[in-house]
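Presented below is the structure to which this report refers.
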Number of protein chains: 2
Amino acid sequence: MRVALAQLNPTVGDIAGNADLVLEWYGRARDAGADLVAFPELVLSGYPPEDLLLRSHFIEECEAALTRVASSCTGPLAVIGAPVRVAPGRGRALTEPAVANAAAVVGDGRVWAVYKKIHLPNYAVFDEERYFTPGDRVPVVEWGSERFSVNVCEDIWNPGGPTEEAALAGHARLVVNISMSPYHMGKGGERERMLRRRAADAGAFVVYVNGVGGQDELVFDGHSVVAGPDGSLVARGAQFEEQLIVVDLDLSFADIFPGTAVPAGRYHLETVRIDRVDPTTRPARAVAAAAAAGPAPTTAAPAPAGPALGAASSGVEPDAPSRPLLSREAEVYAALRLGVRDYTRKNGFQRVVIGLSGGIDSALTACVAVDALGPTAVTGVTMPSRYSASDTRSDAHILAANLGIDILELPIESIFVPYLETLAPVFAGRAVDVAEENLQARIRGNLLMALSNKFGWLVLTTGNKSEMAVGYATLYGDMAGGFAVIKDVPKTLVYDLARYRNSLDPNLAPIPESTITRPPSAELRPDQTDQDTLPPYEVLDRIVDAYVVRDESVASMVAAGLDREEVERVVRLIDRNEYKRRQAAPGVRITLKAFGKDRRLPITNRYQG
Amino acid sequence: MRVALAQLNPTVGDIAGNADLVLEWYGRARDAGADLVAFPELVLSGYPPEDLLLRSHFIEECEAALTRVASSCTGPLAVIGAPVRVAPGRGRALTEPAVANAAAVVGDGRVWAVYKKIHLPNYAVFDEERYFTPGDRVPVVEWGSERFSVNVCEDIWNPGGPTEEAALAGHARLVVNISMSPYHMGKGGERERMLRRRAADAGAFVVYVNGVGGQDELVFDGHSVVAGPDGSLVARGAQFEEQLIVVDLDLSFADIFPGTAVPAGRYHLETVRIDRVDPTTRPARAVAAAAAAGPAPTTAAPAPAGPALGAASSGVEPDAPSRPLLSREAEVYAALRLGVRDYTRKNGFQRVVIGLSGGIDSALTACVAVDALGPTAVTGVTMPSRYSASDTRSDAHILAANLGIDILELPIESIFVPYLETLAPVFAGRAVDVAEENLQARIRGNLLMALSNKFGWLVLTTGNKSEMAVGYATLYGDMAGGFAVIKDVPKTLVYDLARYRNSLDPNLAPIPESTITRPPSAELRPDQTDQDTLPPYEVLDRIVDAYVVRDESVASMVAAGLDREEVERVVRLIDRNEYKRRQAAPGVRITLKAFGKDRRLPITNRYQG
């Protein structure tokens, strides 16, 4: 059977546009001779549609789009994700969702089967119990001599879930999973290992298609996977790029590798017979080769990609090897770039503007923006003050020249002085403190927003995760802007990414070496450096990771060797700055737990530890 | 049986403080001769604790506090809400909560029974499926000759739920429900009708205790209720105030009114026998009187309060009548006042600062702040510009004088000019537009934040819901601040509340009449009024209510008689300003759907309608 994985980039809410995109890629898959083509989860609505799902007319329009698409699917079978109406659910809350997260099997203008997602993620960034009622049936589609099943995203992450059940009890030889699986560092490799394990346990082929693109805080990284019934990697899609992946699978190999799991009998299997032309029989090169590569990996080490029939989106390139996995820095950088590109374009902006301080955070942000949008779409602004050193100012200009972007210089002194004069009678007798520091940051925020309002440019903010954690950023000042590119990147990783980006252009490294080596400073008072008031970033980032990402207690951090006083001080800072983060712009999630909808803490909160 | 309802105000995260509060009120209930005292849902953690519930050490501390409290409960039995650890739940997601939302029945240093909330709300502002695994058992406690059951909040909202089951199949004559039920307009009356219906259906007494207080966006309105087995109202607690309510109930009346529902057999009943001194037998005046008042109300009309043994928190006042329900304006005003008071105090602020424009929004905000915190805790700031009319300026000063608050005047012209000069080379050849308007609003925001930073004052913002909807507010300008008092109050209701507040002091109405009658204007350009660019507020508020609160489509709004062009324009404005609202301060929720965690829409969103 020739199977196509449509690793594409839908847009939330653009139902008609997404349907057109599906039909365009369907046409490409048909031209490539596919028997079956799989599209990502909720491809017609985009993912996640959030509270759009509470509007009945939105669901109706998605259903109408599904009908329209199905009527045009006269070639290969297609598996298409869409929200569909169902009877309300479990009666456990007063307001029950009457919508399912569905995978429809369509062809010849008909909807042959509708799978409704059973395992609904409702943790981390996911709120699917808010929107969906779970399904309770697993269809096994009989098509000629083939049997396959489908399920949706989270369903396949559950060991002993519908995948194994469909294969072991329902005799499906292929399980298609449609996903929109958001990225975090290392997730692609983890996902790949999970899918190979699941295929081996089920003794079936697993075709896993994941979407691509940025949606507010989330980035979807593609990296679709085809795994063989022996746990081999048959094909791996590109990371962070759209791609049509075409593979030929000889499903009879599923009879050779019978699977190792035991069906749990937790699901209601339903056989659906498709009364249409049988799938073409194709040569089984890919599988034969992959199967020869040996048994399923049992360790956590990254699996080598087996030979496969991977194909670029421009058409079928039989025997094209799967690409190697990106390095940690390349992966994160690609996520940031895609996040910036899609937030900017999908929200209708043509240009972005960035305050360039001469420091490493704004330098990295500018590199990402230029790589995402091109140099002509980026304007840098330096806004020197009485405390700006000449070398940081010149670093900003060097960076702009290296990147080929426009740069404006707007000194803030002439604005800062009348603020101080206006406030002088009220501030009389008080020492200079953070009030005067924040005034400067807010003048800069105001200037950037004035440029944004006048020219329609999107302001990109430049704060990193370590700063956002401890509140080392000025609300309405350097936090002012529409998209916070590196807000989930800890400072130590900012350095790694800056060096990585410089390494790509050995002849013209964009970020000046002095920007990387100078001690970080906000330059809001004389001779200030971050380390005056914060622990070294290596220590700070360890605490942030333990407290924010892993929800560890002070006691456990101290037990792990961190200094109690330092831990308590940082934890207190993190807690006290929740109100600032609540008013921060969204930014790209790259860790297992980002500030934003991933971490929902009360502002009013007396808990310590 | 004498039952006390501890309608108190816990603080999220303050486990030790909440436990002390519980013991203090337990002592008062014991002194009042209570046999049983009920505390609100999750009283030990505060509600909602949000992602604190993901920290295992937080749950352990709550459990330890429950043990400590139980060991001190040597008088009456107590029903206490707390999160407790359980085995993970339903296996429907990869990460399953291992915590239950529990009501523990404690006495004599023992935990006699633990009910785990079965119906978990996961809609609107609720995310309980994120945190809790549902229980599946309903305990019926046998205590001497009495039988009672307990459940938690949402459980009692479900018709045919655990309340009826415990009464009709388990023969409980009293069902205690512990709640933290957040306020919206009219909810108290709705809740009261529901509880009387539930009691009548179950043929049992219902004792419903709700907490009081503000927590970020939410306000809990108290208004605890005791309903008789005939559907009568036995007692009603105060709205928006702490109160210990003590009632004497003759549970044998439950045998006279057998209930009208049919047990559904959906729940697993468990009998728990309490092996301790029997509850004191008390005279049954209240119930006898209430029962004589007739059958349960079947219409939606507000029920008259029957005579009851209501008691103020200072002690028992037998036969004290329940208070009448507050008017719509009094109710909303009380919610705003409590929200401001608790956000300010629980976050450790002593004073607040408000920009006074002379307009109605800032005037109402200042009244609420003064009524919440007292005049010495409030500073007003006028920040006139070249576009400020002299009558609006004088209105601000009159308001401040009427309220007895300090007022500062900080003109912005001398700051505005150098901004324009700095930007002149970049803006050359461009028309004056919203960029220059927003500059002024942001100068004001910057000045207020400078005061906040220098003196530790909380900035209260003054935008209303109509403005927040259509983006008629400047991000980092008038939106800058920690708490947005009236952000969920539509402009038409702002007028009603202003007149209501003025009516309370007929001799010294604080808000100048000219502030109420002058056409609203942002005063950011010459001769500007809101109605230049917006429909009349009566129309705008209808559209906001239909689109935001009730998720109606454009088509249905047009079918209801609204002008299509106007609807489409407003809907587009609402959609396009999602990014601003995402960076807004929290404020008090008073409608069925507020901006904030109640309405979760993507920023990147191409859906229209």
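Every chain in the structure tokens takes a letter, A first, then B, and so on in the order presented; its residues are numbered from 1, and the ligands are numbered from 1 following the presented order.
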Inset, instruction - Assign secondary structure with DSSP using the backbone only, and return the residues of range 473-545 of chain A in alpha helix (DSSP H) as a ChimeraX atom specification. - result: /A:491-504,513-517,537-544
Residues of chain B within 6 Å of chain A, counting only C-alpha atoms, as JSON, numbers by chain: {"B": [12, 13, 14, 50, 51, 55, 92, 93, 119, 120, 121, 122, 123, 130, 347, 415, 418, 435, 450, 453, 454, 476, 551, 583, 584, 600, 601, 604, 605, 606, 607]}
In terms of only C-alpha atoms, the residue from B:Gly186, B:Gly222, B:Pro229, B:Gly27 at minimal distance from Glu329 in chain B is B:Gly186
Within 6 Å of range 490-492 of chain B, counting only C-alpha atoms, which residues show up once you throw out same-chain ones fewer than 4 positions away? Write them as a PyMOL selection string, please. chain B and resi 464-466
Could you pull the residues within 9 Å of Met185 in chain B, counting only C-alpha atoms, minus those fewer than 6 positions along the same chain, as a VMD selection string?
chain B and resid 328 331 to 332 590 to 592
Could you write out that same residue set with N, CA and C atoms as a CSV table (one decimal), in the first residue's frame?
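Saved result, part.csv, follows:
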chain,number,residue,atom,x,y,z
B,328,ARG,N,-29.7,44.4,42.0
B,328,ARG,CA,-28.7,44.1,41.0
B,328,ARG,C,-27.4,45.0,41.2
B,331,GLU,N,-25.5,44.4,44.4
B,331,GLU,CA,-24.8,43.1,44.3
B,331,GLU,C,-23.5,43.3,43.6
B,332,VAL,N,-23.6,43.9,42.4
B,332,VAL,CA,-22.4,44.0,41.6
B,332,VAL,C,-21.4,44.9,42.3
B,590,ILE,N,-17.9,39.7,36.9
B,590,ILE,CA,-19.2,39.9,37.4
B,590,ILE,C,-20.3,39.4,36.4
B,591,THR,N,-19.9,39.0,35.2
B,591,THR,CA,-20.8,38.5,34.2
B,591,THR,C,-20.6,37.0,34.1
B,592,LEU,N,-21.5,36.4,33.3
B,592,LEU,CA,-21.4,34.9,33.1
B,592,LEU,C,-20.1,34.6,32.3
Name the residues in contact with Thr533 in chain A at a cut-off of 10 Å, using only C-alpha atoms, excluding same-chain residues fewer than 4 positions from it; report them as an MDAnalysis selection string. chainID A and resid 472 528:529
Based on the selection just made, write N, CA, C and O atoms of those residues as a tab-separated table (two decimals), in the first residue's frame.
chain	number	residue	atom	x	y	z
A	472	TYR	N	13.21	40.10	36.37
A	472	TYR	CA	14.29	41.01	36.01
A	472	TYR	C	13.99	41.57	34.62
A	472	TYR	O	14.72	41.36	33.65
A	528	GLN	N	26.03	48.82	36.53
A	528	GLN	CA	25.14	47.72	36.94
A	528	GLN	C	25.48	46.45	36.15
A	528	GLN	O	25.75	46.51	34.96
A	529	THR	N	25.47	45.29	36.82
A	529	THR	CA	25.46	44.02	36.09
A	529	THR	C	24.42	43.11	36.72
A	529	THR	O	24.07	43.27	37.90
For this session: Have a look at A:Asp31, A:Ala104, A:Asn9, A:Arg197 and name the one nearest to Gly211 in chain A; count only C-alpha atoms.
Result: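 Nearest candidate to Gly211 in chain A out of A:Asp31, A:Ala104, A:Asn9, A:Arg197: A:Asn9.
Coordinates place CA of Val140 in chain A at a distance of 16.2 Å from CA of Ala264 in chain A.
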Exercise. Separation of CA of His223 in chain B and CA of Arg236 in chain B, in Å?
Worked result: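 Going from CA of His223 in chain B over to CA of Arg236 in chain B covers 6.1 Å.
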